[in-house]
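Trainee: Mind looking over this structure? Questions follow.
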Amino acid sequence: MNIIVLLTDFGGKDEYVGVMKGVINSINPEVKIVDLCHEIPPQNIIWAGYVLYKSYKYFPEETIFLCVVDPGVGTKREIIILRTDNYYFIAPDNGLLSLVYKNSKIKKTIRVNKDKFSLKPVSFTFHGRDIFAPIAGYLSKRKKIDSFGQQVQKIKIVNFPKPSFSKCEIKATVIHIDRFGNLITNLKKDEFQKLRWANFKIFIKNRIITEIVNCYAQDRDLVAVWESRDLLEIASPNSSAENILKAKVGDTLRIVKV
Amino acid sequence: MNIIVLLTDFGGKDEYVGVMKGVINSINPEVKIVDLCHEIPPQNIIWAGYVLYKSYKYFPEETIFLCVVDPGVGTKREIIILRTDNYYFIAPDNGLLSLVYKNSKIKKTIRVNKDKFSLKPVSFTFHGRDIFAPIAGYLSKRKKIDSFGQQVQKIKIVNFPKPSFSKCEIKATVIHIDRFGNLITNLKKDEFQKLRWANFKIFIKNRIITEIVNCYAQDRDLVAVWESRDLLEIASPNSSAENILKAKVGDTLRIVKV
Amino acid sequence: MNIIVLLTDFGGKDEYVGVMKGVINSINPEVKIVDLCHEIPPQNIIWAGYVLYKSYKYFPEETIFLCVVDPGVGTKREIIILRTDNYYFIAPDNGLLSLVYKNSKIKKTIRVNKDKFSLKPVSFTFHGRDIFAPIAGYLSKRKKIDSFGQQVQKIKIVNFPKPSFSKCEIKATVIHIDRFGNLITNLKKDEFQKLRWANFKIFIKNRIITEIVNCYAQDRDLVAVWESRDLLEIASPNSSAENILKAKVGDTLRIVKV
């Protein structure tokens with residue numbers, strides 16, 4: 001049995017996700033649907049793509065990931081299905097699948113014939129319901145991937161925004177703040193560790209942090225850790241770094257070799 | 001297999017919805033439960049009813065919709081089960097089911113004997129857990145609808161608040177703001193289109209919009225569209241109309257024929 | 001078939017809960033997973049424990065409760081599995097299970113060997129994914145509880161913060177505010193009722209309430225009720241007590257015998 005995993009920016013205020021589940025269940029009443037996250041910041045394709053890339057391997061093989069972060073809804077933007085060695089991914093062709101595409105063994109890429117399986121009439125504002133959900137539903141019923149459209153050789157790629165690196169300084173950016181007020185930056189663990197800096201200082205707002213520790217539970221008000229998606233995170237044990245630093249997405253921090 | 005679909009104003013801050021699922025699963029461990037929406041604005045029966053009316057047809061036949069937006073919880077207000085040609089609806093008899101009732105083929109309406117299947121003791125503040133969840137659970141086990149209470153001939157009806165229409169002007173109201181900051185009004189597509197106004201201007205706050213476009217992706221900061229529930233919506237491509245206009249629920253807009 | 005019930009403070013902003021479901025489904029694709037609540041206030045072990053204690057009995061026997069409110073993630077804090085006469089509970093040994101432990105018939109308490117079933121490598125910041133989810137997954141596949149670790153005789157206990165009682169006055173505290181703006185206090189129904197006070201006044205902010213009524217629907221702007229978890233609650237019919245009183249968690253109220 002496949003699982004369908006949903007990743008959207010639809011939030012919980014509205015019935016949008018619930019209605020998509022209705023459509024999927026109308027096509028395949030037996031399928032299991034799991035919510036990965038619906039609070040991707042509105043239209044943030046980059047973050048959705050990173051979350052997906054860091055999450056998909058935790059799901060069983062043959063899982064179908066349906067990803068709808070779709071500022072181009074209602075336009076002629078394409079929809080793609082990616083078949084990798086182990087998974088299926090459905091998304092608008094807007095760059096959301098870039099990291100999965102670059103880091104997986106791709107077996108087939110299909111540009112969807114959008115009319116073929118859609119509900120009729122198709123709205124201009126809610127393709128999640130009218131086009132995407134039916135694709136996931138039929139795919140979960142083991143309809144052959146080639147029946148959804150034509151094979152293509154490439155997809156739209158967008159790049160994860162890298163920190164700027166100079167000889168003795170890295171400038172990183174806060175790209176996400178989680179529920180705990182943890183500030184998650186765009187600096188990846190492997191990119192930092194290969195620099196082999198023995199000593200460094202992290203400057204954020206008016207504060208300085210001098211080491212990256214393992215876990216949150218420290219006897220200080222502000223720590224730097226590698227978070228579960230392998231990004232540098234500034235956190236506050238038992239409190240909120242967001243509140244303490246009055247930080248917001250887009251703030252920068254500097255890491256300086258000493 | 002039936003599906004039970006939940007629609008409430010309980011939100012996610014508390015375990016209220018989770019506990020209802022516990023009660024349902026205790027009665028019918030096999031049933032599939034789908035969340036339609038739990039963030040109906042507190043006690044907003046009108047909006048809950050509209051959301052339900054625009055959503056239910058996307059679910060498989062025989063789905064049971066359990067709707068708990070219930071300011072009268074603990075009073076003598078009645079609970080009803082509506083059996084339409086294709087679906088079951090359970091709700092307080094407070095008007096929530098008005099639109100479904102008026103637009104469906106009704107096969108049977110039951111006023112529930114509230115004591116019969118309830119958990120004991122029944123609390124005065126959480127009938128979702130103590131009365132509603134058991135009804136849905138037993139109904140999903142194919143208990144006959146007549147066993148839940150007495151047949152009645154009518155239910156409480158509340159009216160969807162219409163815009164005011166004059167010869168050359170419509171005054172509509174923002175009745176909901178979604179996660180994207182889209183302003184959703186009470187003007188229905190069919191009611192506007194039958195006026196056949198070739199040219200018109202939409203006045204909202206200090207802004208004027210001169211056409212209703214198909215989709216969000218436009219090269220301007222504010223657009224009017226027919227949203228997925230067929231209501232007039234003011235949106236901002238890649239931004240938030242709520243923020244741009246500092247709008248809130250209850251704001252009015254005028255559409256003037258020119 | 002077991003059910004796995006999830007209780008965390010992870011919120012919905014991130015994919016943390018979704019990824020845990022991926023891990024569980026990878027181990028046991030057949031298991032049903034139910035969300036009890038994911039918006040426990042960050043690191044609030046006391047409230048999580050009370051919510052769990054008041055909820056678990058509504059679920060079918062043999063349900064597995066996986067509770068992750070875990071400020072000590074990444075440290076040497078232990079993880080325990082509690083086997084009561086009817087249920088399984090998995091949690092950090094930080095006091096979260098105190099009320100369940102004190103009020104259940106305990107059949108076995110296991111201190112988990114954390115390495116045995118964990119994903120490798122284990123992160124320092126997300127044991128929900130790497131350690132807790134695998135335990136729940138394997139337990140739901142009926143792996144014997146003794147295979148998870150060593151039996152122990154006691155767990156860490158933390159106490160629910162009681163009101164202060166004097167001869168003619170009780171000082172209670174607002175410990176939670178729900179989605180409706182209801183103010184939930186730490187005064188338990190049975191503790192108050194055994195005092196048999198015929199007449200009393202409740203002082204909160206600059207307001208006085210003179211009785212505890214049964215249900216919300218009253219013709220006044222502020223009421224006191226026993227809420228569904230048997231705690232004293234201050235509510236506002238059709239409005240929000242939080243807004244009316246500008247109240248917040250930590251505020252106190254006094255109940256004075258007259």
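Starting from 1 in every chain, residues are counted up; chains themselves are A, B, ... following the order of the structure tokens, and ligands are numbered from 1 as listed.
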Pull the closest atom pair for each residue of chain A that gets at most 8 Å from chain B, along with the distance in Å to one decimal, counting only C-alpha atoms, ordering rows by chain and then ascending residue number, as JSON lines.
Mentor:
```
{"residue": "A:Phe10", "atom": "CA", "partner": "B:Arg179", "partner_atom": "CA", "distance": 6.8}
{"residue": "A:Gly11", "atom": "CA", "partner": "B:Arg179", "partner_atom": "CA", "distance": 6.1}
{"residue": "A:Gly12", "atom": "CA", "partner": "B:Glu39", "partner_atom": "CA", "distance": 6.6}
{"residue": "A:Lys13", "atom": "CA", "partner": "B:Glu39", "partner_atom": "CA", "distance": 5.1}
{"residue": "A:Asp14", "atom": "CA", "partner": "B:Cys37", "partner_atom": "CA", "distance": 6.1}
{"residue": "A:Glu15", "atom": "CA", "partner": "B:Cys37", "partner_atom": "CA", "distance": 4.9}
{"residue": "A:Tyr16", "atom": "CA", "partner": "B:Leu36", "partner_atom": "CA", "distance": 8.0}
{"residue": "A:Val17", "atom": "CA", "partner": "B:Leu36", "partner_atom": "CA", "distance": 7.3}
{"residue": "A:Gly18", "atom": "CA", "partner": "B:Leu36", "partner_atom": "CA", "distance": 4.1}
{"residue": "A:Val19", "atom": "CA", "partner": "B:Ser55", "partner_atom": "CA", "distance": 6.1}
{"residue": "A:Lys21", "atom": "CA", "partner": "B:Val34", "partner_atom": "CA", "distance": 7.4}
{"residue": "A:Gly22", "atom": "CA", "partner": "B:Phe59", "partner_atom": "CA", "distance": 4.3}
{"residue": "A:Val23", "atom": "CA", "partner": "B:Tyr58", "partner_atom": "CA", "distance": 5.3}
{"residue": "A:Asn25", "atom": "CA", "partner": "B:Pro60", "partner_atom": "CA", "distance": 6.7}
{"residue": "A:Ser26", "atom": "CA", "partner": "B:Pro60", "partner_atom": "CA", "distance": 4.6}
{"residue": "A:Pro29", "atom": "CA", "partner": "B:Pro60", "partner_atom": "CA", "distance": 7.9}
{"residue": "A:Pro42", "atom": "CA", "partner": "B:Phe180", "partner_atom": "CA", "distance": 6.4}
{"residue": "A:Gln43", "atom": "CA", "partner": "B:Asn238", "partner_atom": "CA", "distance": 7.0}
{"residue": "A:Pro71", "atom": "CA", "partner": "B:Ala217", "partner_atom": "CA", "distance": 6.8}
{"residue": "A:Gly72", "atom": "CA", "partner": "B:Ala217", "partner_atom": "CA", "distance": 5.7}
{"residue": "A:Val73", "atom": "CA", "partner": "B:Cys215", "partner_atom": "CA", "distance": 6.9}
{"residue": "A:Gly74", "atom": "CA", "partner": "B:Cys215", "partner_atom": "CA", "distance": 5.2}
{"residue": "A:Thr75", "atom": "CA", "partner": "B:Cys215", "partner_atom": "CA", "distance": 7.0}
{"residue": "A:Ser123", "atom": "CA", "partner": "B:Ser228", "partner_atom": "CA", "distance": 6.5}
{"residue": "A:Phe124", "atom": "CA", "partner": "B:Cys215", "partner_atom": "CA", "distance": 5.4}
{"residue": "A:Thr125", "atom": "CA", "partner": "B:Cys215", "partner_atom": "CA", "distance": 5.9}
{"residue": "A:Phe126", "atom": "CA", "partner": "B:Ser228", "partner_atom": "CA", "distance": 5.9}
```
Trainee: Please write the residues from the selection above to a file, keeping N, CA, C and O atoms, as a CSV table (one decimal), in the first residue's frame.
Mentor:
```csv
chain,number,residue,atom,x,y,z
A,10,PHE,N,-0.9,25.7,2.8
A,10,PHE,CA,-2.3,26.1,2.9
A,10,PHE,C,-2.7,26.4,4.4
A,10,PHE,O,-3.8,27.0,4.6
A,11,GLY,N,-1.9,26.0,5.3
A,11,GLY,CA,-2.2,26.3,6.7
A,11,GLY,C,-3.5,25.6,7.2
A,11,GLY,O,-4.0,24.7,6.5
A,12,GLY,N,-3.9,25.9,8.4
A,12,GLY,CA,-5.0,25.2,9.0
A,12,GLY,C,-6.3,26.1,9.1
A,12,GLY,O,-7.3,25.6,9.5
A,13,LYS,N,-6.2,27.3,8.8
A,13,LYS,CA,-7.3,28.2,9.0
A,13,LYS,C,-8.5,27.8,8.1
A,13,LYS,O,-9.6,28.2,8.4
A,14,ASP,N,-8.2,27.2,7.0
A,14,ASP,CA,-9.2,26.9,6.0
A,14,ASP,C,-9.3,25.4,5.7
A,14,ASP,O,-8.5,24.6,6.2
A,15,GLU,N,-10.3,25.0,5.0
A,15,GLU,CA,-10.6,23.6,4.7
A,15,GLU,C,-9.8,23.1,3.5
A,15,GLU,O,-10.1,22.0,3.0
A,16,TYR,N,-8.9,23.9,3.0
A,16,TYR,CA,-8.2,23.5,1.7
A,16,TYR,C,-7.6,22.1,1.8
A,16,TYR,O,-7.8,21.3,0.9
A,17,VAL,N,-6.8,21.8,2.8
A,17,VAL,CA,-6.2,20.5,2.9
A,17,VAL,C,-7.3,19.4,3.1
A,17,VAL,O,-7.2,18.3,2.5
A,18,GLY,N,-8.3,19.7,3.9
A,18,GLY,CA,-9.3,18.7,4.1
A,18,GLY,C,-10.0,18.3,2.9
A,18,GLY,O,-10.3,17.1,2.6
A,19,VAL,N,-10.3,19.3,2.0
A,19,VAL,CA,-11.0,19.0,0.7
A,19,VAL,C,-10.1,18.2,-0.2
A,19,VAL,O,-10.6,17.3,-0.9
A,21,LYS,N,-8.1,16.0,0.8
A,21,LYS,CA,-8.2,14.6,1.3
A,21,LYS,C,-9.5,14.0,0.8
A,21,LYS,O,-9.6,12.8,0.6
A,22,GLY,N,-10.5,14.8,0.7
A,22,GLY,CA,-11.8,14.3,0.2
A,22,GLY,C,-11.7,13.8,-1.2
A,22,GLY,O,-12.1,12.7,-1.5
A,23,VAL,N,-11.0,14.6,-2.0
A,23,VAL,CA,-10.8,14.2,-3.4
A,23,VAL,C,-10.0,12.9,-3.5
A,23,VAL,O,-10.4,12.0,-4.3
A,25,ASN,N,-9.6,10.6,-1.3
A,25,ASN,CA,-10.4,9.4,-0.8
A,25,ASN,C,-11.5,9.0,-1.7
A,25,ASN,O,-11.9,7.9,-1.7
A,26,SER,N,-12.0,10.0,-2.5
A,26,SER,CA,-13.1,9.7,-3.4
A,26,SER,C,-12.5,8.8,-4.5
A,26,SER,O,-13.2,7.9,-5.1
A,29,PRO,N,-10.3,5.1,-1.7
A,29,PRO,CA,-10.7,5.2,-0.2
A,29,PRO,C,-9.8,4.4,0.7
A,29,PRO,O,-9.8,4.7,1.9
A,42,PRO,N,3.8,31.1,3.3
A,42,PRO,CA,3.2,31.3,2.0
A,42,PRO,C,4.1,31.5,0.8
A,42,PRO,O,5.0,32.3,0.8
A,43,GLN,N,4.0,30.6,-0.2
A,43,GLN,CA,4.7,30.7,-1.4
A,43,GLN,C,6.2,30.5,-1.3
A,43,GLN,O,7.0,30.9,-2.2
A,71,PRO,N,2.7,29.5,-6.3
A,71,PRO,CA,2.3,30.9,-6.6
A,71,PRO,C,1.7,31.0,-8.0
A,71,PRO,O,1.0,32.0,-8.3
A,72,GLY,N,2.1,30.1,-8.9
A,72,GLY,CA,1.7,30.2,-10.3
A,72,GLY,C,0.3,29.5,-10.6
A,72,GLY,O,0.0,29.3,-11.7
A,73,VAL,N,-0.4,29.2,-9.5
A,73,VAL,CA,-1.7,28.5,-9.7
A,73,VAL,C,-2.6,29.2,-10.7
A,73,VAL,O,-2.7,30.4,-10.6
A,74,GLY,N,-3.1,28.5,-11.7
A,74,GLY,CA,-4.0,29.1,-12.7
A,74,GLY,C,-3.3,29.6,-13.9
A,74,GLY,O,-4.0,29.9,-14.9
A,75,THR,N,-2.0,29.7,-13.9
A,75,THR,CA,-1.3,30.1,-15.1
A,75,THR,C,-0.9,28.8,-15.9
A,75,THR,O,-1.3,27.7,-15.5
A,123,SER,N,-10.9,25.0,-11.3
A,123,SER,CA,-10.9,26.4,-10.9
A,123,SER,C,-9.5,27.0,-11.3
A,123,SER,O,-8.6,26.3,-11.7
A,124,PHE,N,-9.4,28.3,-11.2
A,124,PHE,CA,-8.2,29.0,-11.4
A,124,PHE,C,-7.3,29.2,-10.2
A,124,PHE,O,-6.2,29.6,-10.2
A,125,THR,N,-7.9,28.9,-9.0
A,125,THR,CA,-7.3,29.3,-7.8
A,125,THR,C,-7.0,28.1,-6.8
A,125,THR,O,-6.3,28.3,-5.8
A,126,PHE,N,-7.5,26.9,-7.2
A,126,PHE,CA,-7.3,25.8,-6.3
A,126,PHE,C,-7.0,24.5,-7.0
A,126,PHE,O,-7.8,23.6,-7.1
```
Trainee: So that I can check the secondary structure, give me every residue of range 18-141 of chain B assigned alpha helix (DSSP H) by backbone DSSP, as a PyMOL selection string.
Mentor: chain B and resi 18-27+45-55+98-102+127+133-140
Trainee: Got time to write the residues from that selection, N, CA, C and O atoms, as a short mmCIF file (atom, residue, chain, number, x, y, z; two decimals), in the first residue's frame?
Mentor:
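File written: again11.cif
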```cif
data_model
loop_
_atom_site.label_atom_id
_atom_site.label_comp_id
_atom_site.auth_asym_id
_atom_site.auth_seq_id
_atom_site.Cartn_x
_atom_site.Cartn_y
_atom_site.Cartn_z
N GLY B 18 -8.51 15.66 19.35
CA GLY B 18 -7.85 14.37 19.58
C GLY B 18 -8.69 13.45 20.46
O GLY B 18 -8.80 12.25 20.20
N VAL B 19 -9.29 14.01 21.50
CA VAL B 19 -10.11 13.20 22.40
C VAL B 19 -11.37 12.70 21.68
O VAL B 19 -11.77 11.54 21.86
N MET B 20 -11.97 13.54 20.85
CA MET B 20 -13.11 13.07 20.06
C MET B 20 -12.72 11.87 19.19
O MET B 20 -13.48 10.92 19.04
N LYS B 21 -11.52 11.92 18.62
CA LYS B 21 -11.05 10.79 17.82
C LYS B 21 -10.86 9.54 18.68
O LYS B 21 -11.09 8.42 18.23
N GLY B 22 -10.43 9.75 19.92
CA GLY B 22 -10.33 8.62 20.84
C GLY B 22 -11.67 7.96 21.08
O GLY B 22 -11.80 6.73 21.01
N VAL B 23 -12.69 8.77 21.32
CA VAL B 23 -14.03 8.23 21.56
C VAL B 23 -14.54 7.49 20.32
O VAL B 23 -15.07 6.38 20.43
N ILE B 24 -14.36 8.09 19.17
CA ILE B 24 -14.82 7.44 17.93
C ILE B 24 -14.09 6.11 17.73
O ILE B 24 -14.71 5.09 17.42
N ASN B 25 -12.78 6.13 17.90
CA ASN B 25 -12.01 4.90 17.72
C ASN B 25 -12.34 3.83 18.76
O ASN B 25 -12.19 2.64 18.48
N SER B 26 -12.76 4.26 19.93
CA SER B 26 -13.15 3.27 20.95
C SER B 26 -14.42 2.53 20.52
O SER B 26 -14.61 1.37 20.87
N ILE B 27 -15.27 3.21 19.77
CA ILE B 27 -16.50 2.60 19.29
C ILE B 27 -16.27 1.86 17.98
O ILE B 27 -16.75 0.75 17.78
N ILE B 45 -21.21 29.97 13.14
CA ILE B 45 -22.07 28.96 12.52
C ILE B 45 -22.25 29.22 11.02
O ILE B 45 -22.28 28.29 10.22
N ILE B 46 -22.34 30.48 10.65
CA ILE B 46 -22.55 30.85 9.25
C ILE B 46 -21.39 30.39 8.38
O ILE B 46 -21.57 29.76 7.34
N TRP B 47 -20.18 30.71 8.82
CA TRP B 47 -19.01 30.34 8.02
C TRP B 47 -18.83 28.82 7.99
O TRP B 47 -18.54 28.23 6.95
N ALA B 48 -19.04 28.17 9.14
CA ALA B 48 -18.95 26.71 9.18
C ALA B 48 -19.93 26.09 8.19
O ALA B 48 -19.59 25.16 7.45
N GLY B 49 -21.15 26.62 8.16
CA GLY B 49 -22.15 26.08 7.25
C GLY B 49 -21.78 26.28 5.79
O GLY B 49 -22.02 25.41 4.95
N TYR B 50 -21.18 27.43 5.49
CA TYR B 50 -20.79 27.68 4.09
C TYR B 50 -19.63 26.77 3.67
O TYR B 50 -19.62 26.21 2.57
N VAL B 51 -18.65 26.65 4.56
CA VAL B 51 -17.50 25.78 4.28
C VAL B 51 -17.99 24.34 4.04
O VAL B 51 -17.57 23.68 3.08
N LEU B 52 -18.87 23.89 4.89
CA LEU B 52 -19.40 22.53 4.74
C LEU B 52 -20.12 22.36 3.40
O LEU B 52 -19.89 21.38 2.67
N TYR B 53 -20.95 23.33 3.10
CA TYR B 53 -21.76 23.29 1.88
C TYR B 53 -20.87 23.23 0.63
O TYR B 53 -21.19 22.55 -0.34
N LYS B 54 -19.75 23.93 0.67
CA LYS B 54 -18.87 23.97 -0.49
C LYS B 54 -17.88 22.82 -0.52
O LYS B 54 -17.13 22.66 -1.49
N SER B 55 -17.83 22.02 0.52
CA SER B 55 -16.82 20.96 0.63
C SER B 55 -17.36 19.55 0.50
O SER B 55 -16.67 18.66 0.02
N SER B 98 -28.04 24.68 7.47
CA SER B 98 -29.02 25.35 6.61
C SER B 98 -28.75 25.17 5.11
O SER B 98 -29.63 24.79 4.35
N LEU B 99 -27.54 25.47 4.68
CA LEU B 99 -27.24 25.44 3.25
C LEU B 99 -27.27 24.02 2.70
O LEU B 99 -27.74 23.79 1.58
N VAL B 100 -26.78 23.08 3.47
CA VAL B 100 -26.85 21.69 3.04
C VAL B 100 -28.32 21.26 2.93
O VAL B 100 -28.73 20.64 1.95
N TYR B 101 -29.09 21.64 3.91
CA TYR B 101 -30.51 21.26 3.96
C TYR B 101 -31.28 21.81 2.76
O TYR B 101 -32.07 21.12 2.13
N LYS B 102 -31.03 23.09 2.45
CA LYS B 102 -31.78 23.74 1.37
C LYS B 102 -31.33 23.27 -0.01
O LYS B 102 -32.06 23.44 -0.98
N HIS B 127 -19.80 18.54 24.64
CA HIS B 127 -20.65 17.54 24.00
C HIS B 127 -20.00 16.92 22.77
O HIS B 127 -20.38 15.83 22.36
N ALA B 133 -19.38 12.65 19.36
CA ALA B 133 -18.46 11.61 18.90
C ALA B 133 -19.10 10.22 18.96
O ALA B 133 -18.97 9.44 18.00
N PRO B 134 -19.81 9.88 20.05
CA PRO B 134 -20.47 8.57 20.05
C PRO B 134 -21.49 8.42 18.91
O PRO B 134 -21.58 7.34 18.31
N ILE B 135 -22.25 9.46 18.62
CA ILE B 135 -23.22 9.35 17.51
C ILE B 135 -22.49 9.00 16.21
O ILE B 135 -22.87 8.07 15.49
N ALA B 136 -21.42 9.73 15.93
CA ALA B 136 -20.67 9.46 14.69
C ALA B 136 -20.08 8.06 14.70
O ALA B 136 -20.11 7.34 13.69
N GLY B 137 -19.57 7.66 15.86
CA GLY B 137 -18.98 6.33 15.96
C GLY B 137 -19.99 5.23 15.67
O GLY B 137 -19.75 4.33 14.85
N TYR B 138 -21.16 5.31 16.30
CA TYR B 138 -22.17 4.26 16.08
C TYR B 138 -22.76 4.33 14.68
O TYR B 138 -23.05 3.30 14.06
N LEU B 139 -22.93 5.55 14.17
CA LEU B 139 -23.45 5.67 12.80
C LEU B 139 -22.49 5.02 11.80
O LEU B 139 -22.90 4.36 10.85
N SER B 140 -21.19 5.18 12.06
CA SER B 140 -20.20 4.59 11.15
C SER B 140 -20.18 3.07 11.26
O SER B 140 -19.65 2.39 10.38
#
```
Trainee: Got a sec: who's within 12 Å of Asp251 in chain B, counting only C-alpha atoms, leaving out chain neighbours fewer than 5 positions off, as a PyMOL selection string?
Mentor: chain B and resi 171-177+183-186+203-205+234+242+245-246
Trainee: Can you list, as a VMD selection string, every protein, DNA or RNA residue that comes within 7 Å of Arg111 in chain B when you count only C-alpha atoms, leaving out same-chain residues fewer than 2 positions away?
Mentor: chain B and resid 78 to 81 109 113 149 to 152
Trainee: Could you write out, as a list in words, all the residues of range 121-172 of chain B that DSSP marks as strand (DSSP E or B)?
Mentor: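 Listing strand (DSSP E or B) positions across range 121-172 of chain B yields Gly149, Gln150, Gln151, Ser164, Phe165, Glu169, Ile170, Lys171 and Ala172 of chain B.
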Trainee: Please save C-alpha atoms of the selected residues as a PDB file, in the first residue's frame.
Mentor:
```
ATOM      1  CA  GLY B 149     -34.046   9.499  17.819  1.00  0.00           C
ATOM      2  CA  GLN B 150     -37.283  10.756  16.335  1.00  0.00           C
ATOM      3  CA  GLN B 151     -37.919  11.902  12.827  1.00  0.00           C
ATOM      4  CA  SER B 164     -26.936  44.704  -0.459  1.00  0.00           C
ATOM      5  CA  PHE B 165     -27.788  45.186  -4.098  1.00  0.00           C
ATOM      6  CA  GLU B 169     -24.012  49.383  -6.646  1.00  0.00           C
ATOM      7  CA  ILE B 170     -23.339  46.325  -4.555  1.00  0.00           C
ATOM      8  CA  LYS B 171     -22.136  46.562  -0.974  1.00  0.00           C
ATOM      9  CA  ALA B 172     -20.338  43.370   0.053  1.00  0.00           C
TER      10      ALA B 172
END
```
